[in-house]
Amino acid sequence: MDKLQRVREALADSDVFGCLTDEEIDRLLSLGTLVRVPAGKVIFQKGDPGDSLAVVVSGRVRIGTLTPEGREAVLNFIEPGETFGEMALLDGKPRSADATAIEACELFCLKRRDVLAFLAAHPDVALRVIGLLCQRLRRATEMVEDAALRSMGPRIARALLRLAADHGREIAGGVRIELDLSQRELGAYCGLARENVSRQLALWRDAGLIGKEGRRLVLRDRAALARIAAESR
Ligand code: CMP
């Protein structure tokens with residue numbers, strides 16, 4: 001499939017632009033640029049000025065923050081067809097978090113001026129952007145709730161179920177989380193130290209609740225994890 005066709009398909013399937021006709025997608029294509037980013041590259045950092053958003057055409061992007069002492073929080077992973085960078089574009093403030101390519105990525109990038117004109121002409125797309133912001137706010141609320149109210153087991157179980165809902169693929173005997181996550185990254189996603197997450201995962205692996213395929217986690221007993229996730233502490 002040629003490059004243009006791949007971008008067209010990613011946009012037609014995307015969270016924000018998925019409601020457009022073929023003609024409207026072609027118009028959008030003429031406004032943006034395709035950027036290739038190698039695995040591991042920082043796309044932008046928290047605090048940078050931001051006047052563009054990106055739709056992931058291929059690859060995956062990690063959204064997170066890093067303190068000056070090297071402590072990390074992982075907020076989200078962005079998949080093909082998903083948009084990031086919309087917040088600074090919309091409110092004109094600096095980037096709210098870092099974005100890093102965790103795989104080689106192709107990003108379709110649009111500038112603020114073009115996006116704002118496009119949103120004014122397409123209120124259905126504007127509503128989808130609002131929907132995306134609501135979904136991210138809900139996720140952020142869940143993560144704050146987990147950090148404030150839940151102990152380690154429920155917190156890790158909830159994080160795994162969230163990752164499975166967003167990035168999981170059903171396979172024989174479970175659901176595989178399609179992210180090559182290190183235990184440090186998983187800890188940063190749960191807001192817990194790597195050692196604590198490793199210890200809990202080892203217990204659940206021995207009990208048959210989870211497994212591994214290469215670097216990917218497999219949830220083998222979602223019902224048991226859901227019971228743990230529902231514990232109030
Ligand atoms: P922006 O602030 O421009 O740059 C960082 C991007 O990360 C932000 O836009 C969103 O696209 C994304 N982002 C920020 N916070 C979250 C979050 N809590 N959950 C998911 N995505 C986020």
# chains A, B, ... in the order shown; residues from 1 in each chain; ligands from 1
$ residues_near_ligand --ligand "ligand 1" --cutoff "6 Å" --atoms "only C-alpha atoms and all ligand atoms" --output "PyMOL selection string"
chain A and resi 50+63+75-76+84-89+95-98+136+140
$ write_last_selection --atoms "all heavy atoms" --output "CSV table (one decimal), in the first residue's frame"
chain,number,residue,atom,x,y,z
A,50,GLY,N,3.7,24.3,21.7
A,50,GLY,CA,3.1,23.3,20.9
A,50,GLY,C,2.1,23.9,19.9
A,50,GLY,O,1.1,24.4,20.4
A,63,ILE,N,3.1,8.6,26.4
A,63,ILE,CA,2.9,10.0,27.0
A,63,ILE,C,3.3,9.9,28.5
A,63,ILE,O,2.8,9.0,29.2
A,63,ILE,CB,1.4,10.4,26.9
A,63,ILE,CG1,1.0,10.4,25.4
A,63,ILE,CG2,1.2,11.7,27.6
A,63,ILE,CD1,1.7,11.5,24.6
A,75,LEU,N,1.5,8.1,31.5
A,75,LEU,CA,0.1,8.5,31.6
A,75,LEU,C,-0.7,7.6,30.6
A,75,LEU,O,-1.9,7.3,30.8
A,75,LEU,CB,-0.1,10.0,31.2
A,75,LEU,CG,0.6,10.9,32.2
A,75,LEU,CD1,0.5,12.3,31.6
A,75,LEU,CD2,-0.1,10.9,33.5
A,76,ASN,N,-0.1,7.3,29.4
A,76,ASN,CA,-0.8,6.7,28.4
A,76,ASN,C,0.1,6.2,27.3
A,76,ASN,O,1.2,6.7,27.2
A,76,ASN,CB,-1.8,7.8,27.8
A,76,ASN,CG,-2.9,7.2,27.0
A,76,ASN,OD1,-3.2,6.0,27.1
A,76,ASN,ND2,-3.6,8.1,26.3
A,84,PHE,N,-2.6,12.8,19.4
A,84,PHE,CA,-2.0,13.4,20.6
A,84,PHE,C,-1.5,14.8,20.3
A,84,PHE,O,-1.3,15.1,19.1
A,84,PHE,CB,-0.9,12.5,21.3
A,84,PHE,CG,0.4,12.4,20.4
A,84,PHE,CD1,1.5,13.2,20.6
A,84,PHE,CD2,0.4,11.5,19.4
A,84,PHE,CE1,2.6,13.1,19.9
A,84,PHE,CE2,1.5,11.4,18.6
A,84,PHE,CZ,2.6,12.2,18.8
A,85,GLY,N,-1.3,15.6,21.3
A,85,GLY,CA,-0.8,16.9,21.1
A,85,GLY,C,-1.9,17.9,20.9
A,85,GLY,O,-1.7,19.1,20.5
A,86,GLU,N,-3.1,17.5,21.1
A,86,GLU,CA,-4.3,18.3,20.9
A,86,GLU,C,-4.4,19.4,22.0
A,86,GLU,O,-5.0,20.5,21.8
A,86,GLU,CB,-5.6,17.5,20.8
A,86,GLU,CG,-6.2,16.9,22.1
A,86,GLU,CD,-5.3,15.9,22.8
A,86,GLU,OE1,-4.4,15.3,22.1
A,86,GLU,OE2,-5.5,15.6,24.0
A,87,MET,N,-3.9,19.1,23.2
A,87,MET,CA,-4.1,20.1,24.3
A,87,MET,C,-3.4,21.4,24.1
A,87,MET,O,-4.1,22.5,24.1
A,87,MET,CB,-3.7,19.4,25.6
A,87,MET,CG,-4.7,18.4,26.1
A,87,MET,SD,-4.2,17.4,27.5
A,87,MET,CE,-4.0,18.6,28.7
A,88,ALA,N,-2.1,21.4,23.8
A,88,ALA,CA,-1.4,22.6,23.6
A,88,ALA,C,-1.9,23.3,22.4
A,88,ALA,O,-2.0,24.6,22.3
A,88,ALA,CB,0.1,22.3,23.5
A,89,LEU,N,-2.3,22.5,21.4
A,89,LEU,CA,-2.8,23.1,20.2
A,89,LEU,C,-4.1,23.9,20.5
A,89,LEU,O,-4.3,25.0,20.0
A,89,LEU,CB,-3.1,22.0,19.1
A,89,LEU,CG,-3.7,22.5,17.8
A,89,LEU,CD1,-3.0,21.8,16.6
A,89,LEU,CD2,-5.2,22.3,17.8
A,95,ARG,N,3.2,22.2,26.2
A,95,ARG,CA,2.9,20.8,26.2
A,95,ARG,C,2.8,20.3,27.6
A,95,ARG,O,3.6,20.7,28.5
A,95,ARG,CB,4.1,20.0,25.5
A,95,ARG,CG,4.3,20.2,24.0
A,95,ARG,CD,3.1,19.8,23.2
A,95,ARG,NE,3.3,19.9,21.8
A,95,ARG,CZ,2.4,19.8,20.9
A,95,ARG,NH1,1.1,19.7,21.2
A,95,ARG,NH2,2.7,19.9,19.6
A,96,SER,N,1.7,19.5,27.9
A,96,SER,CA,1.4,19.1,29.2
A,96,SER,C,2.2,17.9,29.7
A,96,SER,O,2.2,17.5,30.8
A,96,SER,CB,-0.1,18.8,29.3
A,96,SER,OG,-0.4,17.8,28.5
A,97,ALA,N,2.8,17.2,28.7
A,97,ALA,CA,3.6,16.0,29.0
A,97,ALA,C,4.6,15.7,27.9
A,97,ALA,O,4.5,16.4,26.9
A,97,ALA,CB,2.6,14.8,29.2
A,98,ASP,N,5.5,14.8,28.2
A,98,ASP,CA,6.5,14.3,27.1
A,98,ASP,C,5.8,13.3,26.2
A,98,ASP,O,5.0,12.5,26.7
A,98,ASP,CB,7.7,13.6,27.7
A,98,ASP,CG,8.4,14.4,28.8
A,98,ASP,OD1,8.3,15.7,28.8
A,98,ASP,OD2,9.0,13.8,29.7
A,136,ARG,N,-9.8,11.2,28.1
A,136,ARG,CA,-8.5,11.3,28.8
A,136,ARG,C,-8.7,11.8,30.2
A,136,ARG,O,-8.0,11.4,31.1
A,136,ARG,CB,-7.6,12.2,27.9
A,136,ARG,CG,-7.2,11.5,26.7
A,136,ARG,CD,-6.2,12.1,25.8
A,136,ARG,NE,-5.8,11.1,24.8
A,136,ARG,CZ,-5.3,11.4,23.6
A,136,ARG,NH1,-5.0,12.6,23.3
A,136,ARG,NH2,-5.1,10.4,22.8
A,140,ALA,N,-7.5,10.0,33.5
A,140,ALA,CA,-6.7,10.7,34.5
A,140,ALA,C,-7.3,10.6,35.9
A,140,ALA,O,-6.6,10.4,36.9
A,140,ALA,CB,-6.4,12.1,34.1
$ residues_around --residues "region 176-180 of chain A" --least-positions-apart "3" --cutoff "12 Å" --atoms "only C-alpha atoms" --output "PDB file with C-alpha atoms, in the first residue's frame"
ATOM      1  CA  GLY A  59       4.000   2.712  15.670  1.00  0.00           C
ATOM      2  CA  ARG A  60       3.260   3.686  19.267  1.00  0.00           C
ATOM      3  CA  VAL A  61       3.938   6.734  21.423  1.00  0.00           C
ATOM      4  CA  ARG A  62       4.326   6.933  25.210  1.00  0.00           C
ATOM      5  CA  ASN A  76      -0.843   6.720  28.360  1.00  0.00           C
ATOM      6  CA  PHE A  77       0.241   4.888  25.225  1.00  0.00           C
ATOM      7  CA  ILE A  78      -1.010   6.186  21.881  1.00  0.00           C
ATOM      8  CA  GLU A  79      -1.875   3.640  19.173  1.00  0.00           C
ATOM      9  CA  ILE A 102       8.434   3.611  21.754  1.00  0.00           C
ATOM     10  CA  GLU A 103       8.429   2.050  18.272  1.00  0.00           C
ATOM     11  CA  ALA A 159      -3.715  -0.816  35.563  1.00  0.00           C
ATOM     12  CA  LEU A 160      -3.402  -4.198  33.819  1.00  0.00           C
ATOM     13  CA  LEU A 161      -7.122  -4.306  33.016  1.00  0.00           C
ATOM     14  CA  ARG A 162      -6.962  -0.745  31.684  1.00  0.00           C
ATOM     15  CA  LEU A 163      -3.978  -1.606  29.467  1.00  0.00           C
ATOM     16  CA  ALA A 164      -5.768  -4.750  28.266  1.00  0.00           C
ATOM     17  CA  ALA A 165      -8.905  -2.742  27.407  1.00  0.00           C
ATOM     18  CA  ASP A 166      -6.890  -0.195  25.416  1.00  0.00           C
ATOM     19  CA  HIS A 167      -4.077  -2.289  23.952  1.00  0.00           C
ATOM     20  CA  GLY A 168      -5.151  -5.913  24.380  1.00  0.00           C
ATOM     21  CA  ARG A 169      -5.609  -8.613  21.780  1.00  0.00           C
ATOM     22  CA  GLU A 170      -7.629 -11.747  22.481  1.00  0.00           C
ATOM     23  CA  ILE A 171      -5.486 -14.858  22.072  1.00  0.00           C
ATOM     24  CA  ALA A 172      -5.992 -18.488  23.045  1.00  0.00           C
ATOM     25  CA  GLY A 173      -6.033 -18.535  26.840  1.00  0.00           C
ATOM     26  CA  GLN A 183       8.723  -3.429  34.582  1.00  0.00           C
ATOM     27  CA  ARG A 184      10.043   0.083  35.193  1.00  0.00           C
ATOM     28  CA  GLU A 185       7.521   1.468  32.669  1.00  0.00           C
ATOM     29  CA  LEU A 186       4.726  -0.588  34.184  1.00  0.00           C
ATOM     30  CA  ILE A 210      -0.954 -13.695  34.232  1.00  0.00           C
ATOM     31  CA  GLY A 211       1.734 -14.999  31.875  1.00  0.00           C
ATOM     32  CA  LYS A 212       4.296 -13.711  29.427  1.00  0.00           C
ATOM     33  CA  GLU A 213       4.843 -14.079  25.695  1.00  0.00           C
ATOM     34  CA  GLY A 214       8.258 -12.638  24.956  1.00  0.00           C
ATOM     35  CA  ARG A 215       8.129  -9.139  26.463  1.00  0.00           C
ATOM     36  CA  ARG A 216       4.332  -9.000  26.359  1.00  0.00           C
ATOM     37  CA  LEU A 217       2.091  -9.620  29.316  1.00  0.00           C
ATOM     38  CA  VAL A 218      -0.856 -11.969  28.953  1.00  0.00           C
ATOM     39  CA  LEU A 219      -3.830 -11.720  31.308  1.00  0.00           C
ATOM     40  CA  ARG A 220      -4.897 -15.345  31.750  1.00  0.00           C
ATOM     41  CA  ASP A 221      -7.548 -14.972  34.455  1.00  0.00           C
ATOM     42  CA  ARG A 222      -9.291 -11.645  33.955  1.00  0.00           C
TER      43      ARG A 222
END
$ residues_around --residues "region 141-155 of chain A" --least-positions-apart "6" --cutoff "10 Å" --atoms "only C-alpha atoms" --output "JSON, numbers by chain"
{"A": [75, 135, 162, 189, 190, 191, 192, 196, 197, 200, 201, 204, 225, 226, 227, 228, 229, 230, 231, 232, 233]}
$ residues_around --residues "region 109-116 of chain A" --least-positions-apart "3" --cutoff "8 Å" --atoms "only C-alpha atoms" --output "list in words"
Leu31, Gly32, Thr33, Leu34, Val35, Asp51, Ser52, Leu53, Ala54, Val55, Leu89, Leu90, Leu119 and Ala120 of chain A
$ atom_distance --atom1 "CA of Asp15 (chain A)" --atom2 "CA of Glu82 (chain A)"
5.6 Å
$ closest_residue --among "A:Arg8, A:Arg194, A:Arg199, A:Arg139" --to "Leu28 (chain A)" --atoms "only C-alpha atoms"
A:Arg8
$ residues_around --residues "Thr21 (chain A)" --least-positions-apart "2" --cutoff "12 Å" --atoms "only C-alpha atoms" --output "ChimeraX atom specification"
/A:8-9,11-13,17-19,23-28,122,124-125
$ write_last_selection --atoms "N, CA and C atoms" --output "PDB file, in the first residue's frame"
ATOM      1  N   ARG A   8      -4.309   7.867   4.576  1.00  0.00           N
ATOM      2  CA  ARG A   8      -5.753   8.031   4.366  1.00  0.00           C
ATOM      3  C   ARG A   8      -6.518   7.033   5.246  1.00  0.00           C
ATOM      4  N   GLU A   9      -6.050   5.793   5.252  1.00  0.00           N
ATOM      5  CA  GLU A   9      -6.753   4.767   6.041  1.00  0.00           C
ATOM      6  C   GLU A   9      -6.650   5.040   7.542  1.00  0.00           C
ATOM      7  N   LEU A  11      -6.381   7.948   8.951  1.00  0.00           N
ATOM      8  CA  LEU A  11      -7.275   9.072   9.276  1.00  0.00           C
ATOM      9  C   LEU A  11      -8.732   8.621   9.263  1.00  0.00           C
ATOM     10  N   ALA A  12      -9.078   7.796   8.272  1.00  0.00           N
ATOM     11  CA  ALA A  12     -10.477   7.343   8.152  1.00  0.00           C
ATOM     12  C   ALA A  12     -10.884   6.496   9.355  1.00  0.00           C
ATOM     13  N   ASP A  13      -9.889   5.887  10.021  1.00  0.00           N
ATOM     14  CA  ASP A  13     -10.140   5.034  11.192  1.00  0.00           C
ATOM     15  C   ASP A  13      -9.873   5.758  12.491  1.00  0.00           C
ATOM     16  N   PHE A  17     -10.813  12.048  13.345  1.00  0.00           N
ATOM     17  CA  PHE A  17     -11.220  12.350  11.965  1.00  0.00           C
ATOM     18  C   PHE A  17     -12.007  11.215  11.314  1.00  0.00           C
ATOM     19  N   GLY A  18     -12.347  10.215  12.111  1.00  0.00           N
ATOM     20  CA  GLY A  18     -13.014   9.023  11.576  1.00  0.00           C
ATOM     21  C   GLY A  18     -14.415   9.261  11.033  1.00  0.00           C
ATOM     22  N   CYS A  19     -14.968  10.452  11.233  1.00  0.00           N
ATOM     23  CA  CYS A  19     -16.337  10.717  10.762  1.00  0.00           C
ATOM     24  C   CYS A  19     -16.352  11.418   9.393  1.00  0.00           C
ATOM     25  N   GLU A  23     -13.715  12.780   0.535  1.00  0.00           N
ATOM     26  CA  GLU A  23     -13.286  14.095   0.005  1.00  0.00           C
ATOM     27  C   GLU A  23     -12.700  14.941   1.140  1.00  0.00           C
ATOM     28  N   GLU A  24     -13.355  14.894   2.301  1.00  0.00           N
ATOM     29  CA  GLU A  24     -12.864  15.691   3.433  1.00  0.00           C
ATOM     30  C   GLU A  24     -11.499  15.171   3.906  1.00  0.00           C
ATOM     31  N   ILE A  25     -11.332  13.854   3.866  1.00  0.00           N
ATOM     32  CA  ILE A  25     -10.034  13.276   4.257  1.00  0.00           C
ATOM     33  C   ILE A  25      -8.960  13.739   3.266  1.00  0.00           C
ATOM     34  N   ASP A  26      -9.304  13.768   1.991  1.00  0.00           N
ATOM     35  CA  ASP A  26      -8.317  14.225   0.996  1.00  0.00           C
ATOM     36  C   ASP A  26      -7.929  15.678   1.248  1.00  0.00           C
ATOM     37  N   ARG A  27      -8.908  16.479   1.633  1.00  0.00           N
ATOM     38  CA  ARG A  27      -8.622  17.890   1.958  1.00  0.00           C
ATOM     39  C   ARG A  27      -7.649  17.967   3.148  1.00  0.00           C
ATOM     40  N   LEU A  28      -7.944  17.150   4.175  1.00  0.00           N
ATOM     41  CA  LEU A  28      -7.094  17.122   5.367  1.00  0.00           C
ATOM     42  C   LEU A  28      -5.669  16.681   5.002  1.00  0.00           C
ATOM     43  N   HIS A 122     -16.138  21.963  10.629  1.00  0.00           N
ATOM     44  CA  HIS A 122     -16.643  20.590  10.861  1.00  0.00           C
ATOM     45  C   HIS A 122     -16.954  20.396  12.336  1.00  0.00           C
ATOM     46  N   ASP A 124     -18.758  18.338  13.787  1.00  0.00           N
ATOM     47  CA  ASP A 124     -18.757  16.919  14.205  1.00  0.00           C
ATOM     48  C   ASP A 124     -17.340  16.489  14.628  1.00  0.00           C
ATOM     49  N   VAL A 125     -16.321  17.028  13.941  1.00  0.00           N
ATOM     50  CA  VAL A 125     -14.942  16.707  14.334  1.00  0.00           C
ATOM     51  C   VAL A 125     -14.625  17.378  15.671  1.00  0.00           C
TER      52      VAL A 125
END
$ select_by_dssp --residues "region 30-87 of chain A" --states "alpha helix (DSSP H)" --output "list in words"
Ser30, Leu31, Glu86 and Met87 of chain A
$ closest_residue --among "A:Pro123, A:Gly131, A:Pro80, A:Pro94" --to "Phe44 (chain A)" --atoms "only C-alpha atoms"
A:Pro94
$ closest_residue --among "A:Gly208, A:Gly40, A:Gly64, A:Pro49" --to "Asp91 (chain A)" --atoms "only C-alpha atoms"
A:Pro49
$ select_by_dssp --residues "region 2-227 of chain A" --states "strand (DSSP E or B)" --output "JSON, numbers by chain"
{"A": [33, 34, 35, 36, 37, 42, 43, 44, 52, 53, 54, 55, 56, 57, 58, 61, 62, 63, 64, 65, 66, 72, 73, 74, 75, 76, 77, 78, 83, 84, 98, 99, 100, 101, 105, 106, 107, 108, 109, 110, 111, 168, 169, 170, 171, 174, 175, 176, 177, 210, 211, 212, 213, 216, 217, 218, 219]}
$ atom_distance --atom1 "CA of Gly81 (chain A)" --atom2 "CA of Ala10 (chain A)"
5.2 Å
$ atom_distance --atom1 "CA of Leu107 (chain A)" --atom2 "CA of Lys46 (chain A)"
18.6 Å
$ decode --residues "region 1-21 of chain A" --atoms "C-alpha atoms" --output "compact mmCIF listing (two decimals), in the first residue's frame"
# COMPACT_ATOMS: atom_id res chain seq x y z
CA MET A 1 0.00 0.00 0.00
CA ASP A 2 1.45 3.40 -0.87
CA LYS A 3 2.23 6.01 1.76
CA LEU A 4 -0.73 8.27 0.97
CA GLN A 5 -3.16 5.39 1.11
CA ARG A 6 -1.83 4.32 4.53
CA VAL A 7 -2.29 7.83 5.91
CA ARG A 8 -5.75 8.03 4.37
CA GLU A 9 -6.75 4.77 6.04
CA ALA A 10 -5.31 5.80 9.41
CA LEU A 11 -7.28 9.07 9.28
CA ALA A 12 -10.48 7.34 8.15
CA ASP A 13 -10.14 5.03 11.19
CA SER A 14 -9.00 7.69 13.61
CA ASP A 15 -10.53 8.79 16.92
CA VAL A 16 -10.89 12.41 15.77
CA PHE A 17 -11.22 12.35 11.97
CA GLY A 18 -13.01 9.02 11.58
CA CYS A 19 -16.34 10.72 10.76
CA LEU A 20 -15.13 12.44 7.57
CA THR A 21 -16.04 11.63 3.97
